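**Q** Next up, final-v1.pdb (PDB, C-alpha atoms, pLDDT in the B column).
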ATOM      1  CA  MET A   1     -69.897  43.135  18.153  1.00 41.00           C
ATOM      2  CA  LEU A   2     -70.000  46.037  20.614  1.00 39.00           C
ATOM      3  CA  PRO A   3     -67.627  45.925  23.615  1.00 43.00           C
ATOM      4  CA  ASP A   4     -70.538  46.035  26.079  1.00 49.00           C
ATOM      5  CA  ALA A   5     -72.153  43.061  24.375  1.00 43.00           C
ATOM      6  CA  VAL A   6     -68.874  41.110  24.489  1.00 37.00           C
ATOM      7  CA  SER A   7     -68.480  41.946  28.181  1.00 42.00           C
ATOM      8  CA  ALA A   8     -72.052  40.815  28.892  1.00 47.00           C
ATOM      9  CA  MET A   9     -71.457  37.503  27.095  1.00 42.00           C
ATOM     10  CA  ILE A  10     -68.273  36.900  29.083  1.00 45.00           C
ATOM     11  CA  SER A  11     -70.056  37.751  32.321  1.00 75.00           C
ATOM     12  CA  PHE A  12     -72.909  35.391  31.558  1.00 71.00           C
ATOM     13  CA  ALA A  13     -70.531  32.593  30.563  1.00 75.00           C
ATOM     14  CA  ASP A  14     -68.676  33.051  33.846  1.00 78.00           C
ATOM     15  CA  ALA A  15     -71.980  32.947  35.740  1.00 74.00           C
ATOM     16  CA  ALA A  16     -72.927  29.709  33.994  1.00 74.00           C
ATOM     17  CA  ARG A  17     -69.623  28.135  35.040  1.00 76.00           C
ATOM     18  CA  ARG A  18     -70.155  29.260  38.625  1.00 74.00           C
ATOM     19  CA  LEU A  19     -73.603  27.655  38.685  1.00 75.00           C
ATOM     20  CA  GLN A  20     -72.144  24.395  37.455  1.00 70.00           C
ATOM     21  CA  HIS A  21     -68.995  24.260  39.565  1.00 68.00           C
ATOM     22  CA  GLY A  22     -69.272  26.775  42.428  1.00 65.00           C
ATOM     23  CA  GLU A  23     -70.427  26.153  45.975  1.00 70.00           C
ATOM     24  CA  ASP A  24     -74.116  25.632  46.734  1.00 67.00           C
ATOM     25  CA  GLY A  25     -74.308  28.680  48.960  1.00 67.00           C
ATOM     26  CA  ALA A  26     -73.139  30.963  46.131  1.00 81.00           C
ATOM     27  CA  ILE A  27     -75.768  29.891  43.591  1.00 89.00           C
ATOM     28  CA  ALA A  28     -78.224  32.673  44.445  1.00 92.00           C
ATOM     29  CA  SER A  29     -75.529  35.359  44.325  1.00 90.00           C
ATOM     30  CA  THR A  30     -74.823  34.432  40.706  1.00 91.00           C
ATOM     31  CA  PHE A  31     -78.273  35.701  39.702  1.00 94.00           C
ATOM     32  CA  VAL A  32     -77.583  39.009  41.469  1.00 92.00           C
ATOM     33  CA  ASP A  33     -74.253  39.414  39.689  1.00 89.00           C
ATOM     34  CA  VAL A  34     -75.778  38.998  36.226  1.00 89.00           C
ATOM     35  CA  LEU A  35     -79.293  40.442  36.426  1.00 93.00           C
ATOM     36  CA  PRO A  36     -80.652  43.879  37.498  1.00 93.00           C
ATOM     37  CA  ILE A  37     -81.969  42.607  40.833  1.00 95.00           C
ATOM     38  CA  GLU A  38     -81.090  43.235  44.457  1.00 95.00           C
ATOM     39  CA  ALA A  39     -81.357  39.704  45.875  1.00 96.00           C
ATOM     40  CA  ALA A  40     -82.248  36.130  45.024  1.00 96.00           C
ATOM     41  CA  ALA A  41     -83.174  32.928  46.805  1.00 96.00           C
ATOM     42  CA  LEU A  42     -83.710  29.351  45.670  1.00 95.00           C
ATOM     43  CA  SER A  43     -85.973  26.988  47.578  1.00 93.00           C
ATOM     44  CA  THR A  44     -87.014  23.405  47.241  1.00 90.00           C
ATOM     45  CA  LEU A  45     -90.806  23.211  47.341  1.00 90.00           C
ATOM     46  CA  GLY A  46     -92.751  20.069  48.150  1.00 84.00           C
ATOM     47  CA  PRO A  47     -91.725  16.491  47.426  1.00 78.00           C
ATOM     48  CA  PRO A  48     -89.348  14.821  47.021  1.00 74.00           C
ATOM     49  CA  PHE A  49     -86.880  17.063  48.908  1.00 76.00           C
ATOM     50  CA  GLY A  50     -89.262  18.970  51.145  1.00 78.00           C
ATOM     51  CA  SER A  51     -89.685  22.732  51.366  1.00 84.00           C
ATOM     52  CA  ALA A  52     -86.754  24.881  52.484  1.00 86.00           C
ATOM     53  CA  VAL A  53     -84.393  27.632  51.411  1.00 89.00           C
ATOM     54  CA  PHE A  54     -81.516  26.051  49.493  1.00 89.00           C
ATOM     55  CA  SER A  55     -79.418  29.128  48.668  1.00 90.00           C
ATOM     56  CA  ALA A  56     -79.895  32.855  49.275  1.00 92.00           C
ATOM     57  CA  SER A  57     -77.833  35.867  48.310  1.00 93.00           C
ATOM     58  CA  ASP A  58     -78.355  37.462  51.738  1.00 92.00           C
ATOM     59  CA  ARG A  59     -80.299  37.069  54.973  1.00 89.00           C
ATOM     60  CA  ARG A  60     -83.161  39.298  53.851  1.00 91.00           C
ATOM     61  CA  ALA A  61     -83.723  37.191  50.735  1.00 93.00           C
ATOM     62  CA  ALA A  62     -83.572  34.019  52.832  1.00 91.00           C
ATOM     63  CA  GLU A  63     -86.191  35.358  55.232  1.00 88.00           C
ATOM     64  CA  SER A  64     -88.405  36.414  52.322  1.00 91.00           C
ATOM     65  CA  ASP A  65     -88.263  32.953  50.792  1.00 93.00           C
ATOM     66  CA  GLU A  66     -88.907  31.413  54.209  1.00 88.00           C
ATOM     67  CA  GLN A  67     -92.274  33.168  54.109  1.00 86.00           C
ATOM     68  CA  GLN A  68     -93.144  31.078  51.072  1.00 88.00           C
ATOM     69  CA  VAL A  69     -91.938  27.921  52.800  1.00 87.00           C
ATOM     70  CA  LEU A  70     -93.826  28.771  55.970  1.00 80.00           C
ATOM     71  CA  LEU A  71     -97.123  29.710  54.320  1.00 82.00           C
ATOM     72  CA  GLY A  72     -97.081  27.004  51.659  1.00 85.00           C
ATOM     73  CA  GLU A  73     -97.973  29.544  48.970  1.00 88.00           C
ATOM     74  CA  GLY A  74     -96.215  32.243  47.019  1.00 92.00           C
ATOM     75  CA  PRO A  75     -94.856  33.177  43.614  1.00 95.00           C
ATOM     76  CA  GLY A  76     -92.386  30.308  43.731  1.00 96.00           C
ATOM     77  CA  TRP A  77     -95.137  27.771  44.399  1.00 94.00           C
ATOM     78  CA  SER A  78     -97.198  29.227  41.552  1.00 94.00           C
ATOM     79  CA  ALA A  79     -94.235  29.234  39.157  1.00 96.00           C
ATOM     80  CA  LEU A  80     -93.587  25.581  39.937  1.00 94.00           C
ATOM     81  CA  ARG A  81     -97.270  24.592  39.777  1.00 93.00           C
ATOM     82  CA  TYR A  82     -97.865  26.211  36.383  1.00 92.00           C
ATOM     83  CA  ARG A  83     -94.306  25.606  35.147  1.00 93.00           C
ATOM     84  CA  GLU A  84     -93.890  29.198  33.969  1.00 95.00           C
ATOM     85  CA  PRO A  85     -92.403  32.425  35.357  1.00 96.00           C
ATOM     86  CA  VAL A  86     -94.399  34.603  37.729  1.00 95.00           C
ATOM     87  CA  LEU A  87     -93.656  38.287  37.111  1.00 95.00           C
ATOM     88  CA  ALA A  88     -94.908  40.480  39.960  1.00 94.00           C
ATOM     89  CA  TYR A  89     -93.123  43.735  39.216  1.00 94.00           C
ATOM     90  CA  ASP A  90     -95.240  45.779  41.636  1.00 93.00           C
ATOM     91  CA  LEU A  91     -96.190  44.112  44.930  1.00 91.00           C
ATOM     92  CA  SER A  92     -98.260  47.133  45.926  1.00 86.00           C
ATOM     93  CA  GLY A  93    -100.565  46.718  42.951  1.00 76.00           C
ATOM     94  CA  PRO A  94    -103.959  44.995  42.910  1.00 68.00           C
ATOM     95  CA  THR A  95    -103.977  41.325  43.849  1.00 66.00           C
ATOM     96  CA  GLY A  96    -105.106  38.765  41.328  1.00 68.00           C
ATOM     97  CA  ASP A  97    -102.773  35.938  42.174  1.00 74.00           C
ATOM     98  CA  ASP A  98    -103.221  32.833  44.288  1.00 81.00           C
ATOM     99  CA  TRP A  99    -100.832  33.834  47.086  1.00 87.00           C
ATOM    100  CA  PRO A 100    -102.473  36.753  48.954  1.00 85.00           C
ATOM    101  CA  SER A 101    -100.967  35.885  52.350  1.00 81.00           C
ATOM    102  CA  THR A 102     -97.444  35.741  50.982  1.00 86.00           C
ATOM    103  CA  ARG A 103     -97.965  38.956  49.014  1.00 86.00           C
ATOM    104  CA  ALA A 104     -99.001  40.710  52.219  1.00 83.00           C
ATOM    105  CA  ALA A 105     -95.980  39.321  54.067  1.00 83.00           C
ATOM    106  CA  LEU A 106     -93.568  40.300  51.284  1.00 86.00           C
ATOM    107  CA  ARG A 107     -94.921  43.835  51.169  1.00 83.00           C
ATOM    108  CA  GLN A 108     -93.619  44.263  54.698  1.00 82.00           C
ATOM    109  CA  THR A 109     -90.087  43.315  53.638  1.00 85.00           C
ATOM    110  CA  GLY A 110     -89.693  46.440  51.520  1.00 87.00           C
ATOM    111  CA  TRP A 111     -89.285  44.713  48.162  1.00 93.00           C
ATOM    112  CA  ALA A 112     -90.959  46.628  45.347  1.00 94.00           C
ATOM    113  CA  GLY A 113     -91.377  43.606  43.091  1.00 94.00           C
ATOM    114  CA  LEU A 114     -90.180  40.112  42.322  1.00 96.00           C
ATOM    115  CA  LEU A 115     -89.915  37.434  39.688  1.00 97.00           C
ATOM    116  CA  SER A 116     -90.108  33.683  40.288  1.00 97.00           C
ATOM    117  CA  PHE A 117     -88.930  30.980  37.902  1.00 98.00           C
ATOM    118  CA  PRO A 118     -89.616  27.252  38.247  1.00 97.00           C
ATOM    119  CA  LEU A 119     -86.687  24.947  38.924  1.00 95.00           C
ATOM    120  CA  SER A 120     -87.361  21.750  37.008  1.00 89.00           C
ATOM    121  CA  VAL A 121     -85.316  19.135  35.212  1.00 84.00           C
ATOM    122  CA  GLY A 122     -87.525  17.575  32.568  1.00 79.00           C
ATOM    123  CA  THR A 123     -90.664  16.468  34.385  1.00 76.00           C
ATOM    124  CA  PHE A 124     -88.837  16.454  37.731  1.00 81.00           C
ATOM    125  CA  ASP A 125     -89.939  19.448  39.812  1.00 88.00           C
ATOM    126  CA  LEU A 126     -87.554  20.785  42.461  1.00 89.00           C
ATOM    127  CA  GLY A 127     -88.672  24.249  43.531  1.00 94.00           C
ATOM    128  CA  ALA A 128     -88.264  27.835  42.403  1.00 97.00           C
ATOM    129  CA  VAL A 129     -85.851  30.746  42.316  1.00 97.00           C
ATOM    130  CA  THR A 130     -87.262  34.127  43.307  1.00 98.00           C
ATOM    131  CA  LEU A 131     -85.533  37.340  42.257  1.00 98.00           C
ATOM    132  CA  TYR A 132     -86.213  40.319  44.515  1.00 97.00           C
ATOM    133  CA  ARG A 133     -86.216  43.918  43.243  1.00 96.00           C
ATOM    134  CA  ALA A 134     -86.117  47.377  44.790  1.00 94.00           C
ATOM    135  CA  ASP A 135     -87.942  49.019  41.855  1.00 93.00           C
ATOM    136  CA  THR A 136     -90.949  48.159  39.727  1.00 93.00           C
ATOM    137  CA  GLY A 137     -89.414  48.464  36.266  1.00 92.00           C
ATOM    138  CA  PRO A 138     -89.759  45.363  34.070  1.00 95.00           C
ATOM    139  CA  LEU A 139     -86.797  43.329  32.921  1.00 95.00           C
ATOM    140  CA  ALA A 140     -85.916  43.441  29.243  1.00 95.00           C
ATOM    141  CA  PRO A 141     -86.772  40.373  27.128  1.00 95.00           C
ATOM    142  CA  ALA A 142     -83.085  39.475  26.869  1.00 93.00           C
ATOM    143  CA  GLU A 143     -82.730  39.658  30.654  1.00 94.00           C
ATOM    144  CA  LEU A 144     -85.736  37.388  31.115  1.00 96.00           C
ATOM    145  CA  ASP A 145     -84.154  34.890  28.720  1.00 94.00           C
ATOM    146  CA  GLU A 146     -80.939  34.991  30.758  1.00 92.00           C
ATOM    147  CA  ALA A 147     -82.894  34.458  33.979  1.00 95.00           C
ATOM    148  CA  LYS A 148     -84.632  31.402  32.493  1.00 95.00           C
ATOM    149  CA  LEU A 149     -81.323  29.908  31.373  1.00 92.00           C
ATOM    150  CA  LEU A 150     -79.709  30.547  34.752  1.00 93.00           C
ATOM    151  CA  ALA A 151     -82.739  28.915  36.423  1.00 95.00           C
ATOM    152  CA  HIS A 152     -82.295  25.854  34.226  1.00 90.00           C
ATOM    153  CA  LEU A 153     -78.601  25.571  35.134  1.00 90.00           C
ATOM    154  CA  ALA A 154     -79.391  26.131  38.811  1.00 92.00           C
ATOM    155  CA  ALA A 155     -82.011  23.356  38.719  1.00 90.00           C
ATOM    156  CA  LEU A 156     -79.448  20.933  37.331  1.00 87.00           C
ATOM    157  CA  ARG A 157     -77.012  21.932  40.062  1.00 86.00           C
ATOM    158  CA  MET A 158     -79.634  21.596  42.818  1.00 84.00           C
ATOM    159  CA  LEU A 159     -80.691  18.163  41.590  1.00 82.00           C
ATOM    160  CA  SER A 160     -77.087  17.003  41.449  1.00 79.00           C
ATOM    161  CA  SER A 161     -76.446  18.276  44.977  1.00 78.00           C
ATOM    162  CA  ALA A 162     -79.610  16.674  46.354  1.00 70.00           C
ATOM    163  CA  VAL A 163     -78.876  13.304  44.764  1.00 69.00           C
ATOM    164  CA  ARG A 164     -75.296  13.439  46.037  1.00 69.00           C
ATOM    165  CA  ASP A 165     -76.538  14.104  49.571  1.00 63.00           C
ATOM    166  CA  VAL A 166     -79.022  11.243  49.424  1.00 59.00           C
ATOM    167  CA  GLU A 167     -76.423   8.809  48.066  1.00 60.00           C
ATOM    168  CA  ALA A 168     -74.024   9.844  50.832  1.00 63.00           C
ATOM    169  CA  GLY A 169     -76.709   9.278  53.459  1.00 59.00           C
ATOM    170  CA  ARG A 170     -76.849  12.947  54.392  1.00 56.00           C
ATOM    171  CA  THR A 171     -80.029  14.806  55.262  1.00 49.00           C
ATOM    172  CA  PRO A 172     -81.846  16.002  52.112  1.00 46.00           C
ATOM    173  CA  THR A 173     -82.157  19.690  51.365  1.00 41.00           C
ATOM    174  CA  SER A 174     -85.540  19.741  53.078  1.00 42.00           C
ATOM    175  CA  VAL A 175     -83.643  21.040  56.121  1.00 40.00           C
ATOM    176  CA  SER A 176     -81.833  23.645  54.028  1.00 41.00           C
ATOM    177  CA  VAL A 177     -78.366  22.624  55.211  1.00 36.00           C
ATOM    178  CA  ALA A 178     -76.731  25.111  52.827  1.00 39.00           C
ATOM    179  CA  GLN A 179     -77.846  28.031  54.987  1.00 47.00           C
ATOM    180  CA  PRO A 180     -76.903  28.766  58.626  1.00 49.00           C
ATOM    181  CA  SER A 181     -80.585  29.335  59.382  1.00 58.00           C
ATOM    182  CA  GLY A 182     -81.331  25.970  57.792  1.00 63.00           C
ATOM    183  CA  ARG A 183     -78.877  24.219  60.089  1.00 68.00           C
ATOM    184  CA  HIS A 184     -80.718  25.807  63.015  1.00 77.00           C
ATOM    185  CA  VAL A 185     -84.027  24.491  61.668  1.00 79.00           C
ATOM    186  CA  HIS A 186     -82.498  21.031  61.301  1.00 78.00           C
ATOM    187  CA  GLN A 187     -81.189  21.059  64.862  1.00 83.00           C
ATOM    188  CA  ALA A 188     -84.436  22.455  66.281  1.00 87.00           C
ATOM    189  CA  THR A 189     -86.446  19.827  64.403  1.00 85.00           C
ATOM    190  CA  GLY A 190     -84.418  17.119  66.098  1.00 86.00           C
ATOM    191  CA  MET A 191     -85.061  18.692  69.498  1.00 90.00           C
ATOM    192  CA  VAL A 192     -88.816  18.816  68.869  1.00 89.00           C
ATOM    193  CA  VAL A 193     -88.707  15.162  67.790  1.00 88.00           C
ATOM    194  CA  ALA A 194     -87.245  14.339  71.207  1.00 89.00           C
ATOM    195  CA  GLN A 195     -89.592  16.652  73.102  1.00 88.00           C
ATOM    196  CA  LEU A 196     -92.855  15.459  71.589  1.00 87.00           C
ATOM    197  CA  ASP A 197     -91.960  11.995  70.242  1.00 85.00           C
ATOM    198  CA  LEU A 198     -92.869  12.976  66.692  1.00 82.00           C
ATOM    199  CA  THR A 199     -91.516  12.152  63.270  1.00 82.00           C
ATOM    200  CA  ALA A 200     -89.127  14.713  61.794  1.00 78.00           C
ATOM    201  CA  GLU A 201     -91.798  15.741  59.301  1.00 74.00           C
ATOM    202  CA  ASP A 202     -94.382  16.381  62.022  1.00 76.00           C
ATOM    203  CA  ALA A 203     -91.824  18.160  64.204  1.00 81.00           C
ATOM    204  CA  LEU A 204     -91.071  20.557  61.347  1.00 79.00           C
ATOM    205  CA  LEU A 205     -94.804  21.188  60.973  1.00 75.00           C
ATOM    206  CA  VAL A 206     -94.937  22.127  64.675  1.00 82.00           C
ATOM    207  CA  LEU A 207     -92.109  24.625  64.162  1.00 83.00           C
ATOM    208  CA  ARG A 208     -93.809  26.116  61.110  1.00 76.00           C
ATOM    209  CA  ALA A 209     -97.125  26.416  62.925  1.00 76.00           C
ATOM    210  CA  ARG A 210     -95.437  28.207  65.840  1.00 82.00           C
ATOM    211  CA  ALA A 211     -93.654  30.573  63.447  1.00 79.00           C
ATOM    212  CA  PHE A 212     -96.909  31.329  61.657  1.00 71.00           C
ATOM    213  CA  ALA A 213     -98.765  31.919  64.930  1.00 74.00           C
ATOM    214  CA  ASP A 214     -96.039  34.277  66.195  1.00 77.00           C
ATOM    215  CA  GLY A 215     -95.589  36.033  62.842  1.00 74.00           C
ATOM    216  CA  LEU A 216     -91.861  35.221  62.831  1.00 77.00           C
ATOM    217  CA  PRO A 217     -89.395  33.710  60.352  1.00 77.00           C
ATOM    218  CA  LEU A 218     -88.936  29.987  60.803  1.00 78.00           C
ATOM    219  CA  HIS A 219     -85.263  30.375  61.730  1.00 80.00           C
ATOM    220  CA  ALA A 220     -86.141  32.713  64.631  1.00 84.00           C
ATOM    221  CA  VAL A 221     -88.368  30.081  66.231  1.00 87.00           C
ATOM    222  CA  ALA A 222     -85.717  27.423  65.558  1.00 87.00           C
ATOM    223  CA  GLU A 223     -83.072  29.501  67.334  1.00 88.00           C
ATOM    224  CA  ALA A 224     -85.431  29.951  70.299  1.00 91.00           C
ATOM    225  CA  VAL A 225     -85.872  26.175  70.536  1.00 91.00           C
ATOM    226  CA  ILE A 226     -82.112  25.600  70.383  1.00 91.00           C
ATOM    227  CA  GLU A 227     -81.526  28.194  73.108  1.00 91.00           C
ATOM    228  CA  ARG A 228     -84.356  26.609  75.147  1.00 89.00           C
ATOM    229  CA  ARG A 229     -86.420  29.772  75.170  1.00 91.00           C
ATOM    230  CA  ILE A 230     -89.125  27.567  73.676  1.00 91.00           C
ATOM    231  CA  ASP A 231     -89.788  24.044  74.920  1.00 89.00           C
ATOM    232  CA  PHE A 232     -92.949  22.528  73.478  1.00 87.00           C
ATOM    233  CA  ARG A 233     -93.364  20.421  76.621  1.00 84.00           C
ATOM    234  CA  ASP A 234     -93.449  23.494  78.838  1.00 81.00           C
ATOM    235  CA  PRO A 235     -96.098  26.204  78.202  1.00 71.00           C
ATOM    236  CA  ARG A 236     -94.112  28.606  80.391  1.00 72.00           C
ATOM    237  CA  THR A 237     -91.491  28.935  77.638  1.00 68.00           C
ATOM    238  CA  THR A 238     -93.305  31.305  75.337  1.00 63.00           C
ATOM    239  CA  ASP A 239     -90.807  33.969  74.263  1.00 64.00           C
ATOM    240  CA  PRO A 240     -89.333  33.180  70.830  1.00 59.00           C
ATOM    241  CA  VAL A 241     -87.462  36.483  70.432  1.00 59.00           C
ATOM    242  CA  ARG A 242     -84.532  37.735  72.495  1.00 53.00           C
ATOM    243  CA  LYS A 243     -84.957  41.209  73.932  1.00 43.00           C
ATOM    244  CA  GLU A 244     -82.048  42.509  71.876  1.00 46.00           C
ATOM    245  CA  ASP A 245     -83.793  41.322  68.693  1.00 45.00           C
ATOM    246  CA  ARG A 246     -87.036  43.164  69.365  1.00 42.00           C
TER     247      ARG A 246
END
Produce structure tokens that represent the structure in this file.
**A**
Amino acid sequence: MLPDAVSAMISFADAARRLQHGEDGAIASTFVDVLPIEAAALSTLGPPFGSAVFSASDRRAAESDEQQVLLGEGPGWSALRYREPVLAYDLSGPTGDDWPSTRAALRQTGWAGLLSFPLSVGTFDLGAVTLYRADTGPLAPAELDEAKLLAHLAALRMLSSAVRDVEAGRTPTSVSVAQPSGRHVHQATGMVVAQLDLTAEDALLVLRARAFADGLPLHAVAEAVIERRIDFRDPRTTDPVRKEDR
């Protein structure tokens, strides 16, 4: 066997161990270390754990996946719905998918293309992992096979983490507690619950609607609520973005 092939096998085996035993926040980075991609993010989508970013390799990937969470459509949703990978190597190409709004939003992020793989354990659907790319070249068949296997291992890890949280009485991953931005969303959701006397689910919908209306990532609106630049009881608080962030 060639030395490069041996090295690749060792690298992949190490990645598999990291997915099984590493920290939740490092799951997405494992995909970046093994595959020819620039970033990755994993999100839970829909029931039973809600829709939120679970792990992201960097802030840009987290914000890109938040667009899918916010809009309720995207390559991850399609991959999960049809239970097969979505390969969108060129986001600037003609649209023929069922996520036009998300495609338009992702074009503005600068990604050239992406791939989304469903995260399922048997018939139990969790969400999707989206791999973000800076070029439009396709992955080799062997690389696609590795991505599918990593997605399977990541799904097992996500399910284990979610079940552990539920059994411990902690908030499910629907508030994305693995990410700093997710903790902000969780805290802001609680504040909106108090402000408007809503359920947590409805309060999160209010935050998402405000983010969509303002064209901002969900975490940016959440931070504005926490810093009391937005109070849903007071229409005079209308500025979700700090001047230094403009």
**Q** Might you pull out every residue within 10 Å of A:Ser64, with all atoms listed in the file counted and same-chain residues fewer than 3 positions away left off, and present them as a list in words?
**A**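 Result of the neighbour search: Ala40, Ala41, Val53, Ala56, Arg59, Arg60, Ala61, Gln67, Gln68, Val69, Thr102, Ala105, Leu106, Arg107, Gln108, Thr109, Trp111, Thr130, Tyr132 and Pro217 of chain A.
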**Q** Using only C-alpha atoms, which residue out of A:Gly46, A:Asp33, A:Leu71, A:Leu19 lies closest to A:Leu216?
**A**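 Among the listed residues, the smallest separation from A:Leu216 belongs to A:Leu71.
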**Q** Between atom CA of A:Arg103 and atom CA of A:Leu91, measure the distance and give it in Å to one decimal.
**A**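 Distance reported for this atom pair: 6.8 Å.
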**Q** Could you check which of A:Ala16, A:Leu45, A:Leu131, A:Leu114 is closest to A:His152, using all atoms listed in the file?
**A**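 Once distances to A:His152 are computed over all atoms listed in the file, the minimum belongs to A:Ala16.
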**Q** Can you translate the PyMOL selection byres ((chain A and resi 225) around 9) into the concrete residues it hits in this file, as a compact mmCIF listing (two decimals) with C-alpha atoms, in the coordinates of the input?
**A**
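Contents of expr.txt, freshly written:
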# COMPACT_ATOMS: atom_id res chain seq x y z
CA GLN A 187 -81.19 21.06 64.86
CA ALA A 188 -84.44 22.46 66.28
CA THR A 189 -86.45 19.83 64.40
CA MET A 191 -85.06 18.69 69.50
CA VAL A 192 -88.82 18.82 68.87
CA ALA A 220 -86.14 32.71 64.63
CA VAL A 221 -88.37 30.08 66.23
CA ALA A 222 -85.72 27.42 65.56
CA GLU A 223 -83.07 29.50 67.33
CA ALA A 224 -85.43 29.95 70.30
CA ILE A 226 -82.11 25.60 70.38
CA GLU A 227 -81.53 28.19 73.11
CA ARG A 228 -84.36 26.61 75.15
CA ARG A 229 -86.42 29.77 75.17
CA ILE A 230 -89.12 27.57 73.68
CA ASP A 231 -89.79 24.04 74.92
CA PHE A 232 -92.95 22.53 73.48
CA PRO A 240 -89.33 33.18 70.83
**Q** Could you check which of A:Leu35, A:Leu42, A:Ala104, A:Val185 is closest to A:Met158, using only C-alpha atoms?
**A**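 Closest to A:Met158, using only C-alpha atoms: A:Leu42.
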